[in-house]
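Next comes work13.pdb, a file with PDB, C-alpha atoms, pLDDT in the B column.
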MODEL        1
ATOM      1  CA  MET A   5     127.220 120.748  72.510  1.00 45.00           C
ATOM      2  CA  THR A   6     127.620 118.552  75.553  1.00 43.00           C
ATOM      3  CA  ALA A   7     124.655 116.255  76.249  1.00 47.00           C
ATOM      4  CA  PRO A   8     122.962 116.580  79.631  1.00 43.00           C
ATOM      5  CA  PHE A   9     124.293 114.308  82.400  1.00 40.00           C
ATOM      6  CA  ASP A  10     127.403 113.369  80.393  1.00 45.00           C
ATOM      7  CA  THR A  11     129.479 114.447  83.380  1.00 45.00           C
ATOM      8  CA  ALA A  12     128.840 112.637  86.658  1.00 44.00           C
ATOM      9  CA  PRO A  13     127.857 115.035  89.452  1.00 44.00           C
ATOM     10  CA  ALA A  14     130.094 115.453  92.458  1.00 46.00           C
ATOM     11  CA  PRO A  15     129.231 113.173  95.410  1.00 48.00           C
ATOM     12  CA  TYR A  16     126.788 114.676  97.865  1.00 42.00           C
ATOM     13  CA  GLY A  17     128.747 115.970 100.829  1.00 49.00           C
ATOM     14  CA  GLY A  18     125.952 117.244 103.013  1.00 49.00           C
ATOM     15  CA  ILE A  19     125.700 120.669 104.593  1.00 53.00           C
ATOM     16  CA  PRO A  20     129.123 121.878 105.789  1.00 63.00           C
ATOM     17  CA  GLN A  21     127.694 123.273 109.027  1.00 58.00           C
ATOM     18  CA  ARG A  22     126.408 119.803 109.937  1.00 56.00           C
ATOM     19  CA  ARG A  23     129.649 117.949 109.321  1.00 64.00           C
ATOM     20  CA  PRO A  24     131.607 116.671 112.352  1.00 71.00           C
ATOM     21  CA  GLN A  25     134.269 119.122 113.438  1.00 76.00           C
ATOM     22  CA  HIS A  26     136.384 116.535 115.303  1.00 77.00           C
ATOM     23  CA  PRO A  27     137.719 113.067 114.441  1.00 78.00           C
ATOM     24  CA  PRO A  28     135.685 110.038 115.621  1.00 71.00           C
ATOM     25  CA  VAL A  29     136.373 108.706 119.095  1.00 63.00           C
ATOM     26  CA  PRO A  30     137.080 104.928 119.172  1.00 62.00           C
ATOM     27  CA  LEU A  31     134.929 103.174 121.781  1.00 52.00           C
ATOM     28  CA  LEU A  32     136.531  99.728 121.509  1.00 51.00           C
ATOM     29  CA  SER A  33     140.077  98.710 120.695  1.00 51.00           C
ATOM     30  CA  ASP A  34     138.773  95.569 118.968  1.00 53.00           C
ATOM     31  CA  PRO A  35     136.124  96.384 116.310  1.00 46.00           C
ATOM     32  CA  ASP A  36     134.827  92.801 116.370  1.00 48.00           C
ATOM     33  CA  ALA A  37     134.095  93.046 120.095  1.00 49.00           C
ATOM     34  CA  VAL A  38     131.011  95.168 119.419  1.00 42.00           C
ATOM     35  CA  GLU A  39     129.273  92.024 118.136  1.00 44.00           C
ATOM     36  CA  LEU A  40     129.723  90.400 121.546  1.00 45.00           C
ATOM     37  CA  THR A  41     127.852  93.177 123.332  1.00 45.00           C
ATOM     38  CA  GLY A  42     124.789  93.184 121.066  1.00 46.00           C
ATOM     39  CA  PRO A  43     121.718  90.965 121.368  1.00 46.00           C
ATOM     40  CA  VAL A  44     122.177  87.374 120.262  1.00 51.00           C
ATOM     41  CA  PHE A  45     119.136  85.477 119.006  1.00 52.00           C
ATOM     42  CA  GLY A  46     119.194  81.753 118.472  1.00 54.00           C
ATOM     43  CA  ILE A  47     117.125  78.615 118.771  1.00 53.00           C
ATOM     44  CA  ALA A  48     118.153  78.148 122.406  1.00 63.00           C
ATOM     45  CA  ASP A  49     116.831  81.611 123.273  1.00 80.00           C
ATOM     46  CA  VAL A  50     113.292  80.947 121.997  1.00 86.00           C
ATOM     47  CA  GLY A  51     111.309  78.853 124.475  1.00 85.00           C
ATOM     48  CA  PRO A  52     108.649  76.258 123.613  1.00 79.00           C
ATOM     49  CA  TYR A  53     105.788  78.506 124.780  1.00 86.00           C
ATOM     50  CA  ASP A  54     107.070  81.765 123.330  1.00 94.00           C
ATOM     51  CA  SER A  55     104.875  81.380 120.244  1.00 96.00           C
ATOM     52  CA  ASP A  56     101.774  80.266 122.188  1.00 97.00           C
ATOM     53  CA  LEU A  57     100.494  83.305 124.053  1.00 97.00           C
ATOM     54  CA  THR A  58      97.672  81.271 125.577  1.00 97.00           C
ATOM     55  CA  ARG A  59     100.029  78.989 127.553  1.00 95.00           C
ATOM     56  CA  GLN A  60     102.383  81.469 129.194  1.00 94.00           C
ATOM     57  CA  HIS A  61     100.463  81.675 132.487  1.00 95.00           C
ATOM     58  CA  PRO A  62      98.860  79.180 134.898  1.00 95.00           C
ATOM     59  CA  GLY A  63      95.302  80.075 133.872  1.00 96.00           C
ATOM     60  CA  GLU A  64      93.468  80.388 130.568  1.00 95.00           C
ATOM     61  CA  PRO A  65      93.279  83.850 128.975  1.00 97.00           C
ATOM     62  CA  ILE A  66      89.922  85.369 128.125  1.00 98.00           C
ATOM     63  CA  GLY A  67      89.044  85.759 124.468  1.00 98.00           C
ATOM     64  CA  GLU A  68      88.577  84.111 121.109  1.00 98.00           C
ATOM     65  CA  ARG A  69      91.545  81.851 120.410  1.00 98.00           C
ATOM     66  CA  ILE A  70      93.201  82.144 117.030  1.00 98.00           C
ATOM     67  CA  THR A  71      96.218  80.816 115.197  1.00 98.00           C
ATOM     68  CA  VAL A  72      98.143  83.049 112.817  1.00 98.00           C
ATOM     69  CA  ARG A  73     100.432  81.394 110.303  1.00 98.00           C
ATOM     70  CA  GLY A  74     102.300  82.576 107.259  1.00 98.00           C
ATOM     71  CA  CYS A  75     105.542  82.633 105.319  1.00 98.00           C
ATOM     72  CA  VAL A  76     108.287  85.233 105.338  1.00 97.00           C
ATOM     73  CA  THR A  77     109.809  85.604 101.884  1.00 96.00           C
ATOM     74  CA  ASP A  78     112.198  87.993 100.187  1.00 94.00           C
ATOM     75  CA  ARG A  79     111.418  90.089  97.114  1.00 93.00           C
ATOM     76  CA  HIS A  80     112.073  87.076  94.852  1.00 95.00           C
ATOM     77  CA  GLY A  81     109.715  84.758  96.756  1.00 95.00           C
ATOM     78  CA  ARG A  82     112.501  82.834  98.469  1.00 96.00           C
ATOM     79  CA  PRO A  83     111.856  81.769 102.090  1.00 96.00           C
ATOM     80  CA  VAL A  84     113.670  83.682 104.817  1.00 95.00           C
ATOM     81  CA  ARG A  85     114.914  81.001 107.210  1.00 94.00           C
ATOM     82  CA  GLY A  86     115.700  81.456 110.883  1.00 91.00           C
ATOM     83  CA  GLN A  87     114.035  84.869 110.979  1.00 92.00           C
ATOM     84  CA  LEU A  88     113.133  86.110 114.453  1.00 92.00           C
ATOM     85  CA  VAL A  89     109.473  87.183 114.386  1.00 95.00           C
ATOM     86  CA  GLU A  90     108.000  89.033 117.367  1.00 94.00           C
ATOM     87  CA  LEU A  91     104.338  89.701 118.093  1.00 95.00           C
ATOM     88  CA  TRP A  92     102.664  91.961 120.647  1.00 96.00           C
ATOM     89  CA  GLN A  93      99.040  92.970 121.087  1.00 97.00           C
ATOM     90  CA  ALA A  94      96.227  94.159 123.306  1.00 97.00           C
ATOM     91  CA  ASN A  95      94.097  91.662 125.203  1.00 98.00           C
ATOM     92  CA  ALA A  96      90.512  90.733 124.335  1.00 98.00           C
ATOM     93  CA  ALA A  97      89.263  93.899 126.053  1.00 97.00           C
ATOM     94  CA  GLY A  98      91.562  96.133 124.013  1.00 97.00           C
ATOM     95  CA  ARG A  99      94.177  96.857 126.679  1.00 96.00           C
ATOM     96  CA  TYR A 100      97.931  96.301 126.622  1.00 96.00           C
ATOM     97  CA  ALA A 101      99.742  94.823 129.610  1.00 94.00           C
ATOM     98  CA  HIS A 102     101.892  97.948 129.861  1.00 92.00           C
ATOM     99  CA  PRO A 103     101.983 100.666 132.535  1.00 90.00           C
ATOM    100  CA  ALA A 104     101.572 103.368 129.887  1.00 89.00           C
ATOM    101  CA  ASP A 105      98.195 102.017 128.768  1.00 92.00           C
ATOM    102  CA  ARG A 106      95.544 103.902 130.771  1.00 88.00           C
ATOM    103  CA  HIS A 107      92.548 102.532 128.893  1.00 91.00           C
ATOM    104  CA  PRO A 108      89.991 101.617 131.619  1.00 92.00           C
ATOM    105  CA  ALA A 109      89.329  98.200 130.068  1.00 96.00           C
ATOM    106  CA  PRO A 110      90.251  95.280 132.366  1.00 97.00           C
ATOM    107  CA  LEU A 111      93.621  93.587 132.345  1.00 97.00           C
ATOM    108  CA  ASP A 112      93.849  89.814 131.979  1.00 97.00           C
ATOM    109  CA  PRO A 113      96.179  88.234 134.566  1.00 97.00           C
ATOM    110  CA  ASN A 114      96.655  85.249 132.256  1.00 97.00           C
ATOM    111  CA  PHE A 115      97.584  87.186 129.144  1.00 98.00           C
ATOM    112  CA  THR A 116     100.734  89.261 128.654  1.00 95.00           C
ATOM    113  CA  GLY A 117     100.286  89.781 124.926  1.00 96.00           C
ATOM    114  CA  ALA A 118     103.836  89.171 123.690  1.00 95.00           C
ATOM    115  CA  GLY A 119     105.396  86.269 121.821  1.00 95.00           C
ATOM    116  CA  ARG A 120     108.138  85.326 119.389  1.00 94.00           C
ATOM    117  CA  CYS A 121     109.272  82.501 117.154  1.00 94.00           C
ATOM    118  CA  LEU A 122     111.832  81.610 114.492  1.00 93.00           C
ATOM    119  CA  THR A 123     110.850  80.847 110.906  1.00 95.00           C
ATOM    120  CA  ASP A 124     111.525  77.287 109.772  1.00 95.00           C
ATOM    121  CA  ASP A 125     113.412  76.132 106.682  1.00 96.00           C
ATOM    122  CA  GLU A 126     110.414  77.064 104.509  1.00 97.00           C
ATOM    123  CA  GLY A 127     110.194  80.550 106.024  1.00 97.00           C
ATOM    124  CA  ARG A 128     107.040  79.658 107.953  1.00 97.00           C
ATOM    125  CA  TYR A 129     105.994  81.101 111.315  1.00 97.00           C
ATOM    126  CA  ARG A 130     103.090  80.299 113.625  1.00 97.00           C
ATOM    127  CA  PHE A 131     101.476  81.939 116.654  1.00 98.00           C
ATOM    128  CA  THR A 132      98.608  80.867 118.883  1.00 98.00           C
ATOM    129  CA  THR A 133      96.959  83.761 120.682  1.00 98.00           C
ATOM    130  CA  ILE A 134      93.601  85.460 121.258  1.00 98.00           C
ATOM    131  CA  ARG A 135      91.912  87.963 119.004  1.00 98.00           C
ATOM    132  CA  PRO A 136      92.636  91.435 120.405  1.00 98.00           C
ATOM    133  CA  GLY A 137      89.885  93.926 121.135  1.00 98.00           C
ATOM    134  CA  ALA A 138      89.514  97.403 119.672  1.00 97.00           C
ATOM    135  CA  TYR A 139      90.440 100.408 121.777  1.00 95.00           C
ATOM    136  CA  PRO A 140      89.927 104.194 121.579  1.00 93.00           C
ATOM    137  CA  GLN A 141      92.508 106.143 119.645  1.00 86.00           C
ATOM    138  CA  ASP A 142      92.739 108.633 122.527  1.00 81.00           C
ATOM    139  CA  ASP A 143      90.682 110.025 125.402  1.00 78.00           C
ATOM    140  CA  ARG A 144      89.238 112.893 123.352  1.00 79.00           C
ATOM    141  CA  SER A 145      88.287 111.077 120.157  1.00 77.00           C
ATOM    142  CA  SER A 146      85.354 108.891 119.208  1.00 87.00           C
ATOM    143  CA  VAL A 147      87.617 106.971 116.802  1.00 89.00           C
ATOM    144  CA  TRP A 148      88.613 103.440 117.809  1.00 94.00           C
ATOM    145  CA  ARG A 149      91.560 101.460 116.490  1.00 95.00           C
ATOM    146  CA  PRO A 150      90.604  98.192 114.781  1.00 97.00           C
ATOM    147  CA  ALA A 151      91.776  94.859 116.131  1.00 98.00           C
ATOM    148  CA  HIS A 152      95.390  94.349 115.105  1.00 97.00           C
ATOM    149  CA  LEU A 153      98.606  92.502 115.862  1.00 98.00           C
ATOM    150  CA  HIS A 154     102.012  94.179 115.906  1.00 96.00           C
ATOM    151  CA  PHE A 155     104.812  92.268 114.189  1.00 96.00           C
ATOM    152  CA  SER A 156     108.530  92.912 114.122  1.00 93.00           C
ATOM    153  CA  LEU A 157     111.165  91.052 112.127  1.00 93.00           C
ATOM    154  CA  PHE A 158     114.886  91.133 112.775  1.00 85.00           C
ATOM    155  CA  GLY A 159     117.521  90.741 110.094  1.00 75.00           C
ATOM    156  CA  THR A 160     121.108  89.686 110.645  1.00 66.00           C
ATOM    157  CA  ALA A 161     121.698  92.508 113.130  1.00 63.00           C
ATOM    158  CA  PHE A 162     119.679  94.232 115.833  1.00 60.00           C
ATOM    159  CA  ALA A 163     119.523  97.469 113.818  1.00 67.00           C
ATOM    160  CA  GLN A 164     117.867  95.612 110.921  1.00 77.00           C
ATOM    161  CA  ARG A 165     114.350  95.595 112.301  1.00 85.00           C
ATOM    162  CA  LEU A 166     111.055  96.022 110.463  1.00 91.00           C
ATOM    163  CA  VAL A 167     107.795  96.726 112.308  1.00 93.00           C
ATOM    164  CA  THR A 168     104.321  96.383 110.831  1.00 95.00           C
ATOM    165  CA  GLN A 169     100.709  95.601 111.772  1.00 96.00           C
ATOM    166  CA  MET A 170      98.289  92.868 110.771  1.00 98.00           C
ATOM    167  CA  TYR A 171      94.532  93.476 110.599  1.00 98.00           C
ATOM    168  CA  PHE A 172      91.539  91.151 110.456  1.00 98.00           C
ATOM    169  CA  PRO A 173      89.169  90.748 107.484  1.00 97.00           C
ATOM    170  CA  GLY A 174      85.770  92.420 107.560  1.00 96.00           C
ATOM    171  CA  ASP A 175      86.589  94.848 110.380  1.00 97.00           C
ATOM    172  CA  PRO A 176      84.369  97.965 109.944  1.00 96.00           C
ATOM    173  CA  LEU A 177      86.805 100.085 111.972  1.00 96.00           C
ATOM    174  CA  LEU A 178      89.601  99.598 109.455  1.00 95.00           C
ATOM    175  CA  ALA A 179      88.195 102.147 106.987  1.00 92.00           C
ATOM    176  CA  HIS A 180      88.378 104.828 109.694  1.00 91.00           C
ATOM    177  CA  ASP A 181      91.822 103.971 111.081  1.00 92.00           C
ATOM    178  CA  ALA A 182      94.271 106.864 110.796  1.00 88.00           C
ATOM    179  CA  ILE A 183      97.332 104.600 110.917  1.00 89.00           C
ATOM    180  CA  ALA A 184      96.107 102.285 108.150  1.00 90.00           C
ATOM    181  CA  ARG A 185      95.221 105.313 106.017  1.00 89.00           C
ATOM    182  CA  THR A 186      98.838 106.495 106.125  1.00 89.00           C
ATOM    183  CA  VAL A 187      99.558 103.725 103.606  1.00 91.00           C
ATOM    184  CA  PRO A 188      98.890 105.528 100.296  1.00 88.00           C
ATOM    185  CA  ASP A 189      98.562 102.469  98.052  1.00 93.00           C
ATOM    186  CA  PRO A 190      95.208 100.632  98.412  1.00 93.00           C
ATOM    187  CA  ALA A 191      96.820  97.364  97.321  1.00 95.00           C
ATOM    188  CA  ALA A 192      99.481  97.753 100.009  1.00 95.00           C
ATOM    189  CA  ARG A 193      96.759  98.337 102.611  1.00 95.00           C
ATOM    190  CA  GLU A 194      95.013  95.147 101.510  1.00 96.00           C
ATOM    191  CA  ARG A 195      98.242  93.215 102.065  1.00 97.00           C
ATOM    192  CA  LEU A 196      98.084  94.175 105.750  1.00 97.00           C
ATOM    193  CA  ILE A 197      94.801  92.254 106.171  1.00 98.00           C
ATOM    194  CA  ALA A 198      95.014  88.570 107.024  1.00 98.00           C
ATOM    195  CA  SER A 199      92.703  86.032 105.422  1.00 98.00           C
ATOM    196  CA  TYR A 200      90.567  83.543 107.297  1.00 98.00           C
ATOM    197  CA  ASP A 201      91.717  80.030 106.405  1.00 98.00           C
ATOM    198  CA  PRO A 202      89.570  77.124 107.657  1.00 97.00           C
ATOM    199  CA  ALA A 203      92.453  74.759 106.908  1.00 97.00           C
ATOM    200  CA  LEU A 204      94.411  76.451 109.701  1.00 97.00           C
ATOM    201  CA  ASN A 205      91.660  76.020 112.302  1.00 97.00           C
ATOM    202  CA  VAL A 206      92.500  73.958 115.380  1.00 96.00           C
ATOM    203  CA  PRO A 207      89.354  71.851 115.831  1.00 96.00           C
ATOM    204  CA  GLY A 208      87.466  72.785 118.958  1.00 94.00           C
ATOM    205  CA  HIS A 209      90.132  75.308 119.965  1.00 94.00           C
ATOM    206  CA  ALA A 210      91.051  78.127 117.575  1.00 97.00           C
ATOM    207  CA  LEU A 211      90.201  79.848 114.296  1.00 98.00           C
ATOM    208  CA  GLY A 212      92.974  80.082 111.716  1.00 98.00           C
ATOM    209  CA  TYR A 213      94.270  83.111 109.842  1.00 98.00           C
ATOM    210  CA  ARG A 214      96.963  83.298 107.188  1.00 98.00           C
ATOM    211  CA  TRP A 215      99.205  86.317 106.771  1.00 98.00           C
ATOM    212  CA  ASP A 216     102.331  86.213 104.617  1.00 98.00           C
ATOM    213  CA  ILE A 217     105.116  88.780 104.921  1.00 97.00           C
ATOM    214  CA  VAL A 218     107.184  89.878 101.927  1.00 96.00           C
ATOM    215  CA  LEU A 219     110.464  91.710 102.532  1.00 93.00           C
ATOM    216  CA  GLY A 220     111.188  94.051  99.647  1.00 90.00           C
ATOM    217  CA  GLY A 221     110.027  94.359  96.071  1.00 92.00           C
ATOM    218  CA  PRO A 222     106.772  95.674  94.545  1.00 91.00           C
ATOM    219  CA  ALA A 223     104.669  93.287  96.674  1.00 93.00           C
ATOM    220  CA  ALA A 224     106.452  94.124  99.924  1.00 94.00           C
ATOM    221  CA  THR A 225     104.542  94.243 103.175  1.00 95.00           C
ATOM    222  CA  TRP A 226     104.286  97.836 104.375  1.00 92.00           C
ATOM    223  CA  THR A 227     106.416  98.613 107.430  1.00 91.00           C
ATOM    224  CA  GLU A 228     106.309 101.538 109.824  1.00 85.00           C
ATOM    225  CA  GLY A 229     108.635 104.427 109.066  1.00 70.00           C
ATOM    226  CA  GLU A 230     108.421 104.035 105.290  1.00 56.00           C
ATOM    227  CA  HIS A 231     106.318 107.186 104.875  1.00 47.00           C
TER     228      HIS A 231
ENDMDL
END
Write out the structure in this file as structure tokens.
Amino acid sequence: MTAPFDTAPAPYGGIPQRRPQHPPVPLLSDPDAVELTGPVFGIADVGPYDSDLTRQHPGEPIGERITVRGCVTDRHGRPVRGQLVELWQANAAGRYAHPADRHPAPLDPNFTGAGRCLTDDEGRYRFTTIRPGAYPQDDRSSVWRPAHLHFSLFGTAFAQRLVTQMYFPGDPLLAHDAIARTVPDPAARERLIASYDPALNVPGHALGYRWDIVLGGPAATWTEGEH
């Protein structure tokens, strides 16, 4: 008798009705030229104030100033160097500087809420910003989203992008947040919460939070689109 799985199954070919019926159309005569048309990120593209969201305008933004620092590592704990890290957030009143945000909270003319930086040789990143405010989930709900920061990380190509969110410790709204509850593993949800670190405080200026990001492996930081 033949043992189960002794014969390798045929490769999955998809549904015939969904297969392309015509040969691919070449868009460029030189395949390498596509790399010249895509985004290019480098040290020269990241300005000195890109990682300090409190110094991007002539005036001072309103809100509690914070610093957020951490390390980006791979699944084996090795630092990810030169990683482009982006951050965007609501202002201290819980409103984004975006035309689509209709929340009646006030805008801050001295706070855009977007920044970026490159990780150093140890995989470390750092942002200076203000603590964002909570905002209603929608116009018809009494549920409010907890304070959070959006992070994105780019790999070696523009299509290699991971997006996630960082939360603050002790926030009572977090237990009621529908987005955080989409993460099924309680331990994975805990890894989305930063820790207050007095050693990262800027005396007389900002409170410090630490939030490390792990790319891959059992201790990976949850990213949007995984579930």
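Nearest-residue note for Pro150 of chain A: choosing from A:Arg214, A:Arg106, A:Gln93, A:Asp112, the minimum distance belongs to A:Gln93, counting all atoms listed in the file.
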Can you pull out the residues contacting Gln141 of chain A? Cut-off 12 Å, using all atoms listed in the file, and skip same-chain residues under 2 positions away; I want them as a list in words. Gly98, Arg99, Asp105, Arg106, His107, Ala138, Tyr139, Asp143, Arg144, Ser145, Ser146, Val147, Trp148, Arg149, Pro150, Ala151, Leu177, His180, Asp181, Ala182 and Ile183 of chain A
Would you kindly return, as a list in words, each protein, DNA or RNA residue with an atom no farther than 9 Å from any atom of Asp216 of chain A, considering all atoms listed in the file and excluding same-chain residues fewer than 6 positions away?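 Answer for this query is Arg73, Gly74, Cys75, Val76, Thr77, Arg128, Arg195, Ala198 and Thr225 of chain A.
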Atom-to-atom span, atom CA of Thr116 of chain A and atom CA of Ala192 of chain A, Å: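 Distance reported for this atom pair: 29.9 Å.
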So, counting only C-alpha atoms, which residue among A:Arg69, A:Arg130, A:His61, A:Arg135 is closest to Asn114 of chain A?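 Among A:Arg69, A:Arg130, A:His61, A:Arg135, it is A:His61 that comes nearest to Asn114 of chain A.
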Closest atom pairs, residues of segment 96-154 of chain A within 7 Å of segment 87-92 of chain A, all atoms listed in the file, as a Markdown table:
| residue | atom | partner | partner_atom | distance |
| --- | --- | --- | --- | --- |
| A:Gly117 | CA | A:Trp92 | CA | 5.4 |
| A:Ala118 | CA | A:Trp92 | CA | 4.3 |
| A:Gly119 | CA | A:Leu91 | CA | 5.2 |
| A:Arg120 | CA | A:Glu90 | CA | 4.2 |
| A:Cys121 | CA | A:Val89 | CA | 5.4 |
| A:Leu122 | CA | A:Leu88 | CA | 4.7 |
| A:Thr123 | CA | A:Gln87 | CA | 5.1 |
| A:Leu153 | CA | A:Trp92 | CA | 6.3 |
| A:His154 | CA | A:Trp92 | CA | 5.3 |
Between atom CA of Ile66 of chain A and atom CA of Tyr213 of chain A, what is the distance in Å, rounded to a tenth?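 Spanning atom CA of Ile66 of chain A to atom CA of Tyr213 of chain A is a straight-line distance of 18.9 Å.
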Using only C-alpha atoms, determine which residues lie at most 10 Å from Glu228 of chain A, disregarding the query and same-chain residues fewer than 3 positions distant; provide the list as JSON, numbers by chain. {"A": [156, 166, 167, 168, 169, 183, 186, 187, 231]}
Atom CA of Ser199 of chain A to atom CA of Val218 of chain A, straight-line distance in Å: 15.4 Å
Residues matched by the PyMOL selection byres ((chain A and resi 133) around 6) as a PyMOL selection string: chain A and resi 57-58+69-70+132+134
Selected by the PyMOL selection byres ((chain A and resi 222) around 12) in the shown coordinates: which residues, as a list in words?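 Matching residues under the PyMOL selection byres ((chain A and resi 222) around 12) are Asp78, Arg79, His80, Gly81, Asp189, Ala191, Ala192, Arg195, Val218, Leu219, Gly220, Gly221, Ala223, Ala224, Thr225 and Trp226 of chain A.
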Starting from the shown file, work through the PyMOL selection byres ((chain A and resi 205) around 12) and note down what comes out as a PyMOL selection string. chain A and resi 69-73+132+200-204+206-214
